[in-house]
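Structure first, then comments.
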Amino acid sequence: MTRVSKKLGPRMLRTLGAVVRVVVLSIIGFAISIPFVWMVGASFKPRAEVEEAHIVPREPTLDNYPVVLDRMPDPVTGQYLGLRFGRWYFNSIFVALSVTLLQVLTSSMAAYAFARMQWRGRDTVFLLYLATMMIPGVVTMIPNFQIMVSLQFLNTYRGLIIPAAFTAFGTFLLRQFMLSIPQAMDEAAKIDGAGHWRIFWDIVMPQARPGVIALAIITMLGAYQSFFWPLIMLNQEQYYPLPVGMLALDSTYGRQTELIMAATVMNVVPLILIFIIFQKYLVKGLQLGGVKG
Amino acid sequence: MGKPVTKKSRSREALAVLGFLAPNLLGFLGFTLLPVVLSFLMAFTNWNLKPAVDLEFVGLRNFADLIGVQAIDRPAPLLSALYFGSAGVLVAGLISVLWANMADWRGTRVGGALIVALGAAVLALAVLRPRVGEDSARAISHGLVISGGIGILAGLGLATREGEGWRPGLGTLPALLLVAGAFGLWMLNGAMWGSYEPRDARFWQYFYNTAYLMIGIPFGIAGSLALALLVNNDLPLSGRAPGPLLAALLRTAAVAICVVFGVVGGTTVIGKVGLASGAGVAALCFLAALLITVRAPAERLGQIAGTLLCLLCGIVTMALVLGMGQPNVAVLGGLFWLMAAMGVAFNIVAYRTVYYLPTFTAGVALMILWKALYNPETGPINVAIETIGNALGRDWQGPEWLASVPWAKPALIIMGVWTGIGGTNMLLYLAGLSNVPTDLMDAADVDGASAWGKFRHVTWPQLGPTTFFITIMSIIGGLQGGFEQARVMTGGGPAGSTTTLSYYIYNKAFQDLDLGYAAAISWVLFAIIFVATALNWKFGRELEVSP
Amino acid sequence: MKHVFAALFALAAALYIVAVRTLDPPPPEGIERIRWATDANPTRDRQTGLFAELYRGLEAVVDPGLGGDQTKLIVQCATGTGPDVIDVYDQDAMASQVSAGILMDLTPYAEQYGFSVENTYPALRDALMVDGRQYRFPCNVWANCVVYNKAVFDDHGVPYPRDDWTWTEWIEVCRQLLQSPSRAGEKHFAFANWNNIWWFGELYINKGGRYFSEDGLTCLLDSEEALWAIQFYYDAIYKHEVVPSAAQLASLSAQGGWGSGWLSIFSNGKVGMIIIGRWYLCQVEYFPQMKGKLGAVRLPHVEGREPTGLCDTRAAGINAMSPHKDAALKFLQYLASPEYSKLIVEDGDSMPPNPSVAASGEMLVNRAEPDPAFHQPFVDAMEDAQPADLSPFIDSLVVRRWLGEALDRVENQVEAPDTAFRNLTTEINRTIRVNLERQPHLQRLYEERTGRPYTEDWWREYQKP
């Protein structure tokens, strides 16, 4: 190997290495993205072909998108589907944004309390947070729902946003990050007479920003795709987020797969854009925080 | 040091704590803790939503129904006591083995050797046992094989510890406990299950399913690590689109149109025209790149490489569509062509995004997708298997995946690994990797370490905390998982083979309306998760690197 | 950092204002809205539209969260926020919901509003009532027949089946379909077993079996009739090989989900026969290529026995805690009306609740299927059909699930047919015993039904250990 490298020179070797890497990356990329590409292809297929293996439609149709957006009647039955896609899209984005904001804010403050402040029972309470993450959510659903009803959260936006904003995961993640931020600057600030509030905003948070953004992306993704809770909490169409609205395409009389694919493609595009934009903060950022236990 | 701590400052501190903690804590108490506590109480009642049945406190009856046994004919208490005693001894042995390993007791090497022998015996027993046709017996055999294998590996790990002699000591005791427990179980097995039967046989089957589905976790984690290593560093050939932005946009648009028409049009006139135009555009750009000078030589190299790639992709795609008549594979070629035209084929961000795509589409759509993919006759997976087989001149036929009892769970495992490999775990590893101090890596370089050596001695230990965090979250997720797959894709699977404990809880709660029992199952699941996490926590401390 | 948060907060507040401002206006004064929990079938629009026309001031809004999954229903009803009118898809679900106190007792209102059991098919009596009280009224009614694809039969040169055929002849027809070559060179299946519980049920009822004894204390799924039925089921798959096994089943599975997969396989013309109700005609709207190709014939009967079969209904009940009881009662009255029944006939959504509108094949002709010969078998089937029987001593949904699991195991050859059903019966009987032991109200029911006091050893006389 060294003889080859001596012959080719370091620059050629690096280029060769890069080419090999690109080839490997691409092959893996194709393998992983095949299902997604298939989904995009399926969104352009007519109903008869939609479940088959080929990616390229034999008879491509642009009809699925306008049908989902209620601009065109369903070609087979000739009826408008009456889907309020625009409204549901708006609901999804609004709820996801609000949940993320609330979650990040409260979790970072609580994480600060766990990581930077000393108080009695701190570790016990934190263990309690951890323990609740281990309960399967199915069985807490009815007590949870009863609480919602008592608070009159049904069929409201606050019902979708507020309960979802309080999970132990965010606090856990940010606490880890804050633990690994060195305390030197804190001490200096304390000597200068800064209170906790200032330390939090001006010293700890900027350094924890990567972790905060990581949490923001994960929460946003989760809130955007959440299905079960909105399904149970909502009876009125106008509040539905997109995954619940799409249930209309999936009744016991038939699942209209090509429309579901079209709706999902539209659903996913903003997520991809957000990921591309924030991706550099995510990776470079996490490095500063680290996940030391 | 700071100001002296006075009573006033302490109460101010307490107020500050409250201020920071309160919003989150209130929400946590109300929306998380309270329902959890209620469900805990529910597990001890017979609540089942029926007004005719009075709500009463039944103590441990739900739990007894779940994991207990009942006499088929006449009870034999001595037998059951001995059997459960043996099981208890076995469990004690397991826990104390891990403890002995961490606490570095003496005599663990001898213990390790004993465990190897035990594992080999179990393996032999499982393989040589005559098979009975029932699924549960099959499950036990598989379980025995796996346990035997783990026993051998673990025993070898213990027996090859450094710095110890071959003398028995306190550390041998756990191994003796294991052997005693296993022996007791083996001798009493026949008699026990002749007189008793489990009260809820389904629980054990679904527990087996849940554990089985977790097999994919180490592969997923390893895969994510490998991907993270691949996409960690930028590619050396400049990430920006070669040439001015406008040119890149025009080129992208042109190639996009060409790809769509070309691939979709196929061998029709439109298709041929489309492809030819695309190749023409790419050729033009190559020419332009050669002629127009760009300032920095590195960028120029990148520019040439980019357009060359563009040209190459165009040719390949054309060949696939026109020459081989394979429009589906050509789609992928066309995508790469597009990426090259945009100038992102050498940008590592593109690859990271592509790997993260399945995580975006998570949910019902992904399940529908995979169900169609796993279709035994028309699904791409089996079609691909047959095509590859034909190319090799053999007659290969894919298994029936989700429709067959032995292949349903492996199908779900494959799906899980495939979609999860580029997901959040990969991101976490990326972060961990950028955390590795460069001076350590440089020192290793100076010492002349190979790539594998660097990985094993520098990178892997530094990734310890990340791995351990990911492992814990994966275990929690794995034990609680399988719910969506069962609900949307398989409905619990052929003959109950893809029903996991989560799905069982769901059925019990919302179909049988037996909420007290469902709560009991949840809390047993919690206990299992808690033990697994605690063990991992203690065990995993070893992986943490002290700074 | 603070600024970022503040800006995002402002954005969220702005979006909130937009969201609230663009909410739908509340219903105009004088319109009372009730929620109807059913699935998102496109025909619902016409059904609710007609309701609004006939009953000024009332509107029914479809709440599609159901779709076969009753989680949303249970959670909401458990906390008193459930829908007003609830579609109960079958008897088992009804028994389960009644015991959970979800459905309101309709008996006091039935005559007054005209939706009593007298207003619909007499065969459905037991399917609408629990313990002598009525809890639901049909939205549509079904009894199964064999629907066959004439084009497939013609392609293989097999004569169409006749109304009075037996199960043995059915196997023969399947075999002919599979063995005669296709003129068009295509591959077809003879029979689509899309709902194994129904197929088994038809076989079993036809043979004269009962699921439970009269008093409901013993499960009879290990009786001779049951063992015959499951053996026939198994043989059709593995001995005569005329029915695809579960694995072959999946290979044709097009659209996933309950039922619709097989329906679209049949609708795509790949299967010869299917056992289904008249509601299949709803699918013809989605698959217009099936128009004119469909035929229907009575289910085969067991030699030496009168033909009979299962019937059941997708029926609407009223939420016991609904705040709109009067409006809901009027909705049920609407269901009993001839106008609604005519709409059902038109849409092909199975058989209407009102028998007077469906007395013959001619009356059932609709735009999807103009041939009265197609509809006549369904009319005849309703005359001979009977609902399955339930036991109050064990939860019916549990029984159905365990039955499905047993059939699954038999189909996948995990257990032999008779072993599977003997184990199933043992398990059901044991659960009945445990239920009686733990629930005093069931003990009282026992005493009522048997006239004897409840003792711990009661089962020795009724069940095998």
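Ligands are numbered from 1 in the order shown, residues from 1 within each chain, and chains are lettered A, B, ... in the order they appear in the structure tokens.
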Sorted by chain and rising residue number, list the residues of stretch 337-426 of chain C at most 10 Å from stretch 260-284 of chain C (counting only C-alpha atoms), each with its closest atom pair and distance in Å to one decimal, as JSON lines.
```
{"residue": "C:Ile344", "atom": "CA", "partner": "C:Trp279", "partner_atom": "CA", "distance": 9.4}
{"residue": "C:Val345", "atom": "CA", "partner": "C:Arg278", "partner_atom": "CA", "distance": 9.6}
{"residue": "C:Glu346", "atom": "CA", "partner": "C:Leu281", "partner_atom": "CA", "distance": 9.9}
{"residue": "C:Asp347", "atom": "CA", "partner": "C:Cys282", "partner_atom": "CA", "distance": 6.7}
{"residue": "C:Gly348", "atom": "CA", "partner": "C:Leu281", "partner_atom": "CA", "distance": 5.0}
{"residue": "C:Asp349", "atom": "CA", "partner": "C:Trp279", "partner_atom": "CA", "distance": 4.4}
{"residue": "C:Ser350", "atom": "CA", "partner": "C:Trp279", "partner_atom": "CA", "distance": 3.7}
{"residue": "C:Met351", "atom": "CA", "partner": "C:Arg278", "partner_atom": "CA", "distance": 6.6}
{"residue": "C:Asn366", "atom": "CA", "partner": "C:Leu281", "partner_atom": "CA", "distance": 9.4}
{"residue": "C:Arg367", "atom": "CA", "partner": "C:Leu281", "partner_atom": "CA", "distance": 9.7}
{"residue": "C:Ala368", "atom": "CA", "partner": "C:Leu281", "partner_atom": "CA", "distance": 6.6}
{"residue": "C:Glu369", "atom": "CA", "partner": "C:Leu281", "partner_atom": "CA", "distance": 7.6}
{"residue": "C:Phe374", "atom": "CA", "partner": "C:Arg278", "partner_atom": "CA", "distance": 9.2}
{"residue": "C:His375", "atom": "CA", "partner": "C:Arg278", "partner_atom": "CA", "distance": 7.7}
{"residue": "C:Pro377", "atom": "CA", "partner": "C:Arg278", "partner_atom": "CA", "distance": 9.6}
{"residue": "C:Phe378", "atom": "CA", "partner": "C:Arg278", "partner_atom": "CA", "distance": 6.9}
{"residue": "C:Val379", "atom": "CA", "partner": "C:Arg278", "partner_atom": "CA", "distance": 9.8}
{"residue": "C:Ala381", "atom": "CA", "partner": "C:Gly277", "partner_atom": "CA", "distance": 9.9}
```
For chain B versus chain C, which residues have an atom no more than 10 Å away, and what is each residue's nearest atom pair and distance in Å rounded to one decimal, using only C-alpha atoms, chain-then-number order, as JSON lines?
```
{"residue": "B:Asn46", "atom": "CA", "partner": "C:Arg438", "partner_atom": "CA", "distance": 9.6}
{"residue": "B:Asn48", "atom": "CA", "partner": "C:Ala100", "partner_atom": "CA", "distance": 7.8}
{"residue": "B:Leu49", "atom": "CA", "partner": "C:Ala100", "partner_atom": "CA", "distance": 5.4}
{"residue": "B:Lys50", "atom": "CA", "partner": "C:Ala100", "partner_atom": "CA", "distance": 4.1}
{"residue": "B:Pro51", "atom": "CA", "partner": "C:Gly101", "partner_atom": "CA", "distance": 6.1}
{"residue": "B:Ala52", "atom": "CA", "partner": "C:His441", "partner_atom": "CA", "distance": 6.9}
{"residue": "B:Val53", "atom": "CA", "partner": "C:Gln439", "partner_atom": "CA", "distance": 6.6}
{"residue": "B:Asp54", "atom": "CA", "partner": "C:Gln439", "partner_atom": "CA", "distance": 8.5}
{"residue": "B:Ile72", "atom": "CA", "partner": "C:Pro465", "partner_atom": "CA", "distance": 8.8}
{"residue": "B:Asp73", "atom": "CA", "partner": "C:Pro465", "partner_atom": "CA", "distance": 8.4}
{"residue": "B:Gly133", "atom": "CA", "partner": "C:Val414", "partner_atom": "CA", "distance": 6.9}
{"residue": "B:Glu134", "atom": "CA", "partner": "C:Val414", "partner_atom": "CA", "distance": 5.9}
{"residue": "B:Asp135", "atom": "CA", "partner": "C:Val414", "partner_atom": "CA", "distance": 6.4}
{"residue": "B:Ser136", "atom": "CA", "partner": "C:Val414", "partner_atom": "CA", "distance": 9.8}
{"residue": "B:Ile368", "atom": "CA", "partner": "C:Gly256", "partner_atom": "CA", "distance": 7.4}
{"residue": "B:Lys371", "atom": "CA", "partner": "C:Gly256", "partner_atom": "CA", "distance": 7.7}
{"residue": "B:Ala372", "atom": "CA", "partner": "C:Ala254", "partner_atom": "CA", "distance": 7.6}
{"residue": "B:Tyr374", "atom": "CA", "partner": "C:Ser251", "partner_atom": "CA", "distance": 9.0}
{"residue": "B:Asn375", "atom": "CA", "partner": "C:Ser251", "partner_atom": "CA", "distance": 5.6}
{"residue": "B:Pro376", "atom": "CA", "partner": "C:Ser251", "partner_atom": "CA", "distance": 4.7}
{"residue": "B:Glu377", "atom": "CA", "partner": "C:Ser251", "partner_atom": "CA", "distance": 5.1}
{"residue": "B:Thr378", "atom": "CA", "partner": "C:Ser251", "partner_atom": "CA", "distance": 7.4}
{"residue": "B:Gly379", "atom": "CA", "partner": "C:Ser251", "partner_atom": "CA", "distance": 8.7}
{"residue": "B:Pro399", "atom": "CA", "partner": "C:Ala247", "partner_atom": "CA", "distance": 9.4}
{"residue": "B:Glu400", "atom": "CA", "partner": "C:Ala247", "partner_atom": "CA", "distance": 6.2}
{"residue": "B:Trp401", "atom": "CA", "partner": "C:Ala247", "partner_atom": "CA", "distance": 8.7}
{"residue": "B:Leu402", "atom": "CA", "partner": "C:Ala250", "partner_atom": "CA", "distance": 7.9}
{"residue": "B:Ala403", "atom": "CA", "partner": "C:Ala247", "partner_atom": "CA", "distance": 4.9}
{"residue": "B:Ser404", "atom": "CA", "partner": "C:Ala247", "partner_atom": "CA", "distance": 5.8}
{"residue": "B:Val405", "atom": "CA", "partner": "C:Asn412", "partner_atom": "CA", "distance": 7.2}
{"residue": "B:Arg487", "atom": "CA", "partner": "C:Asp69", "partner_atom": "CA", "distance": 9.8}
{"residue": "B:Val488", "atom": "CA", "partner": "C:Gly257", "partner_atom": "CA", "distance": 7.5}
{"residue": "B:Met489", "atom": "CA", "partner": "C:Gly257", "partner_atom": "CA", "distance": 7.9}
{"residue": "B:Thr490", "atom": "CA", "partner": "C:Gly257", "partner_atom": "CA", "distance": 9.0}
{"residue": "B:Gly491", "atom": "CA", "partner": "C:Gly257", "partner_atom": "CA", "distance": 8.8}
{"residue": "B:Gly492", "atom": "CA", "partner": "C:Glu405", "partner_atom": "CA", "distance": 9.7}
{"residue": "B:Gly493", "atom": "CA", "partner": "C:Asp408", "partner_atom": "CA", "distance": 9.3}
{"residue": "B:Pro494", "atom": "CA", "partner": "C:Asp408", "partner_atom": "CA", "distance": 6.5}
{"residue": "B:Ala495", "atom": "CA", "partner": "C:Asp408", "partner_atom": "CA", "distance": 5.0}
{"residue": "B:Gly496", "atom": "CA", "partner": "C:Glu405", "partner_atom": "CA", "distance": 7.1}
{"residue": "B:Tyr506", "atom": "CA", "partner": "C:Thr71", "partner_atom": "CA", "distance": 8.8}
{"residue": "B:Asn507", "atom": "CA", "partner": "C:Thr71", "partner_atom": "CA", "distance": 9.4}
{"residue": "B:Lys508", "atom": "CA", "partner": "C:Val398", "partner_atom": "CA", "distance": 9.0}
{"residue": "B:Ala509", "atom": "CA", "partner": "C:Thr71", "partner_atom": "CA", "distance": 8.7}
{"residue": "B:Phe510", "atom": "CA", "partner": "C:Thr71", "partner_atom": "CA", "distance": 5.5}
{"residue": "B:Gln511", "atom": "CA", "partner": "C:Leu397", "partner_atom": "CA", "distance": 6.8}
{"residue": "B:Asp512", "atom": "CA", "partner": "C:Val398", "partner_atom": "CA", "distance": 6.0}
{"residue": "B:Leu513", "atom": "CA", "partner": "C:Ala100", "partner_atom": "CA", "distance": 8.1}
```
When you look at C:Thr166 with a cut-off of 6 Å (counting only C-alpha atoms), what residues show up, excluding the ones that are within fewer than 3 positions of it in the same chain? I need them as an mmCIF file with N, CA and C atoms, in the first residue's frame.
```cif
data_model
loop_
_atom_site.group_PDB
_atom_site.id
_atom_site.type_symbol
_atom_site.label_atom_id
_atom_site.label_comp_id
_atom_site.auth_asym_id
_atom_site.auth_seq_id
_atom_site.Cartn_x
_atom_site.Cartn_y
_atom_site.Cartn_z
ATOM 1 N N GLU C 169 -69.730 -29.372 -3.651
ATOM 2 C CA GLU C 169 -69.746 -28.866 -5.025
ATOM 3 C C GLU C 169 -68.928 -27.589 -5.125
ATOM 4 N N PRO C 300 -73.159 -21.947 -0.352
ATOM 5 C CA PRO C 300 -73.397 -23.393 -0.417
ATOM 6 C C PRO C 300 -73.949 -23.893 0.912
ATOM 7 N N HIS C 301 -74.689 -24.960 0.877
ATOM 8 C CA HIS C 301 -75.200 -25.480 2.129
ATOM 9 C C HIS C 301 -74.620 -26.855 2.390
ATOM 10 N N VAL C 302 -74.713 -27.286 3.617
ATOM 11 C CA VAL C 302 -74.226 -28.613 3.995
ATOM 12 C C VAL C 302 -75.233 -29.649 3.527
#
```
Check your understanding: When DSSP works through the backbone of this structure, what residues of stretch 191-224 of chain C end up as helix (DSSP H, G or I), shown as JSON, numbers by chain?
Key -> {"C": [196, 197, 198, 199, 200, 201, 202, 203, 204, 205, 206, 207, 224]}
For the selection just defined, write its residues with N, CA and C atoms to a file, as a short mmCIF file (atom, residue, chain, number, x, y, z; two decimals), in the first residue's frame.
```cif
data_model
loop_
_atom_site.label_atom_id
_atom_site.label_comp_id
_atom_site.auth_asym_id
_atom_site.auth_seq_id
_atom_site.Cartn_x
_atom_site.Cartn_y
_atom_site.Cartn_z
N ASN C 196 -61.63 -14.54 7.72
CA ASN C 196 -61.66 -15.95 8.08
C ASN C 196 -62.70 -16.24 9.15
N ILE C 197 -62.95 -15.27 10.01
CA ILE C 197 -63.98 -15.50 11.03
C ILE C 197 -65.34 -15.67 10.38
N TRP C 198 -65.62 -14.89 9.35
CA TRP C 198 -66.91 -15.02 8.69
C TRP C 198 -67.03 -16.34 7.95
N TRP C 199 -65.97 -16.72 7.26
CA TRP C 199 -66.07 -17.95 6.50
C TRP C 199 -66.28 -19.13 7.46
N PHE C 200 -65.50 -19.14 8.53
CA PHE C 200 -65.68 -20.20 9.50
C PHE C 200 -67.09 -20.15 10.06
N GLY C 201 -67.54 -18.94 10.38
CA GLY C 201 -68.88 -18.80 10.95
C GLY C 201 -69.95 -19.35 10.02
N GLU C 202 -69.83 -19.05 8.73
CA GLU C 202 -70.83 -19.55 7.78
C GLU C 202 -70.83 -21.07 7.75
N LEU C 203 -69.63 -21.64 7.70
CA LEU C 203 -69.54 -23.10 7.69
C LEU C 203 -70.20 -23.68 8.94
N TYR C 204 -69.90 -23.07 10.05
CA TYR C 204 -70.31 -23.62 11.33
C TYR C 204 -71.83 -23.50 11.51
N ILE C 205 -72.34 -22.30 11.22
CA ILE C 205 -73.79 -22.10 11.39
C ILE C 205 -74.55 -23.01 10.44
N ASN C 206 -74.00 -23.14 9.26
CA ASN C 206 -74.64 -23.97 8.25
C ASN C 206 -74.73 -25.42 8.70
N LYS C 207 -73.72 -25.86 9.41
CA LYS C 207 -73.70 -27.23 9.90
C LYS C 207 -74.63 -27.39 11.09
N GLU C 224 -68.87 -31.55 17.60
CA GLU C 224 -68.69 -32.24 16.32
C GLU C 224 -68.78 -31.27 15.16
#
```
Exercise for review: Check the DSSP output for the backbone and give back, as a ChimeraX atom specification, the residues of stretch 99-258 of chain A in strand (DSSP E).
Suggested key: /A:250-251,254-255
Check your understanding: Residues at most 10 Å from C:Asp126, counting only C-alpha atoms, excluding those fewer than 3 positions away in the same chain, as a VMD selection string?
Key -> chain C and resid 91 117 122 to 123 129 to 134 312 386 to 390
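Counting from atom CA of B:Leu227, the distance to atom CA of B:Gly420 is 11.3 Å.
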Check your understanding: If we count only C-alpha atoms, what is near stretch 35-45 of chain B at a cut-off of 10 Å, once residues fewer than 4 positions away on the same chain are taken out, given as a count of residues only?
Key -> 37
Practice item. Would you kindly return, as a ChimeraX atom specification, each protein, DNA or RNA residue with an atom no farther than 6 Å from any atom of A:Thr171, considering only C-alpha atoms and excluding same-chain residues fewer than 4 positions away? Key: /A:107,111,175
Skipping near chain neighbours, those fewer than 5 positions away, what residues fall within 12 Å of A:Phe90 using only C-alpha atoms, listed as an mmCIF file with N, CA and C atoms, in the first residue's frame?
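Result file part_35.cif:
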```cif
data_model
loop_
_atom_site.group_PDB
_atom_site.id
_atom_site.type_symbol
_atom_site.label_atom_id
_atom_site.label_comp_id
_atom_site.auth_asym_id
_atom_site.auth_seq_id
_atom_site.Cartn_x
_atom_site.Cartn_y
_atom_site.Cartn_z
ATOM 1 N N ARG A 84 -59.511 19.304 3.915
ATOM 2 C CA ARG A 84 -59.066 20.684 4.183
ATOM 3 C C ARG A 84 -57.570 20.673 4.387
ATOM 4 N N PHE A 85 -56.893 20.335 3.313
ATOM 5 C CA PHE A 85 -55.465 20.104 3.432
ATOM 6 C C PHE A 85 -54.735 21.328 3.924
ATOM 7 N N VAL A 95 -48.880 24.100 15.553
ATOM 8 C CA VAL A 95 -48.769 23.319 16.782
ATOM 9 C C VAL A 95 -47.329 22.885 17.005
ATOM 10 N N ALA A 96 -46.655 22.446 15.922
ATOM 11 C CA ALA A 96 -45.276 21.995 16.091
ATOM 12 C C ALA A 96 -44.395 23.142 16.575
ATOM 13 N N LEU A 97 -44.584 24.308 15.964
ATOM 14 C CA LEU A 97 -43.777 25.457 16.382
ATOM 15 C C LEU A 97 -44.015 25.801 17.851
ATOM 16 N N TYR A 224 -44.717 17.352 14.841
ATOM 17 C CA TYR A 224 -45.251 17.429 13.482
ATOM 18 C C TYR A 224 -45.888 16.113 13.072
ATOM 19 N N GLN A 238 -61.550 21.194 11.880
ATOM 20 C CA GLN A 238 -60.750 22.395 11.659
ATOM 21 C C GLN A 238 -59.504 22.412 12.534
ATOM 22 N N TYR A 239 -59.450 21.601 13.559
ATOM 23 C CA TYR A 239 -58.275 21.575 14.415
ATOM 24 C C TYR A 239 -57.304 20.473 14.062
ATOM 25 N N TYR A 240 -57.695 19.580 13.170
ATOM 26 C CA TYR A 240 -56.857 18.418 12.915
ATOM 27 C C TYR A 240 -55.477 18.811 12.420
ATOM 28 N N PRO A 241 -54.432 18.168 12.933
ATOM 29 C CA PRO A 241 -53.159 18.253 12.246
ATOM 30 C C PRO A 241 -53.171 17.271 11.078
ATOM 31 N N LEU A 242 -52.160 17.355 10.254
ATOM 32 C CA LEU A 242 -52.196 16.608 9.001
ATOM 33 C C LEU A 242 -52.342 15.097 9.152
ATOM 34 N N GLY A 245 -55.896 14.295 9.754
ATOM 35 C CA GLY A 245 -56.731 14.589 8.611
ATOM 36 C C GLY A 245 -56.635 13.525 7.545
ATOM 37 N N ASN A 267 -46.247 16.710 3.033
ATOM 38 C CA ASN A 267 -46.044 16.871 4.466
ATOM 39 C C ASN A 267 -44.571 16.977 4.817
ATOM 40 N N PRO A 270 -41.356 20.505 4.099
ATOM 41 C CA PRO A 270 -40.812 21.522 5.017
ATOM 42 C C PRO A 270 -39.837 20.959 6.031
ATOM 43 N N ALA C 12 -45.292 32.797 17.017
ATOM 44 C CA ALA C 12 -46.299 31.837 17.465
ATOM 45 C C ALA C 12 -47.587 32.549 17.855
ATOM 46 N N LEU C 15 -49.397 33.538 14.743
ATOM 47 C CA LEU C 15 -50.043 32.373 14.130
ATOM 48 C C LEU C 15 -51.290 31.982 14.908
ATOM 49 N N TYR C 16 -51.192 32.125 16.212
ATOM 50 C CA TYR C 16 -52.348 31.769 17.033
ATOM 51 C C TYR C 16 -53.530 32.658 16.694
ATOM 52 N N VAL C 18 -54.046 34.226 13.922
ATOM 53 C CA VAL C 18 -54.551 33.811 12.610
ATOM 54 C C VAL C 18 -55.413 32.564 12.747
ATOM 55 N N ALA C 19 -54.931 31.601 13.518
ATOM 56 C CA ALA C 19 -55.645 30.326 13.645
ATOM 57 C C ALA C 19 -57.028 30.544 14.228
ATOM 58 N N VAL C 20 -57.073 31.358 15.286
ATOM 59 C CA VAL C 20 -58.351 31.546 15.950
ATOM 60 C C VAL C 20 -59.303 32.345 15.070
ATOM 61 N N THR C 22 -59.491 32.332 11.932
ATOM 62 C CA THR C 22 -59.975 31.612 10.767
ATOM 63 C C THR C 22 -60.739 30.361 11.139
ATOM 64 N N LEU C 23 -61.120 30.218 12.396
ATOM 65 C CA LEU C 23 -61.918 29.066 12.783
ATOM 66 C C LEU C 23 -63.288 29.142 12.132
#
```
Review point. By how many Å are atom CA of C:Arg183 and atom CA of C:Asp154 apart?
Key: 8.8 Å
Check your understanding: Which residue gives the smallest distance to A:Pro75 among C:His240, C:Asp235, C:Pro288, C:Met94, with only C-alpha atoms counted?
Key -> C:Pro288
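In this model, the gap between atom CA of B:Val281 and atom CA of B:Arg251 comes to 7.2 Å.
Compared by their closest atoms to B:Ala126, and using only C-alpha atoms, the residues B:Val145, B:Leu79, B:Ala279, B:Val110 rank with B:Val145 nearest.
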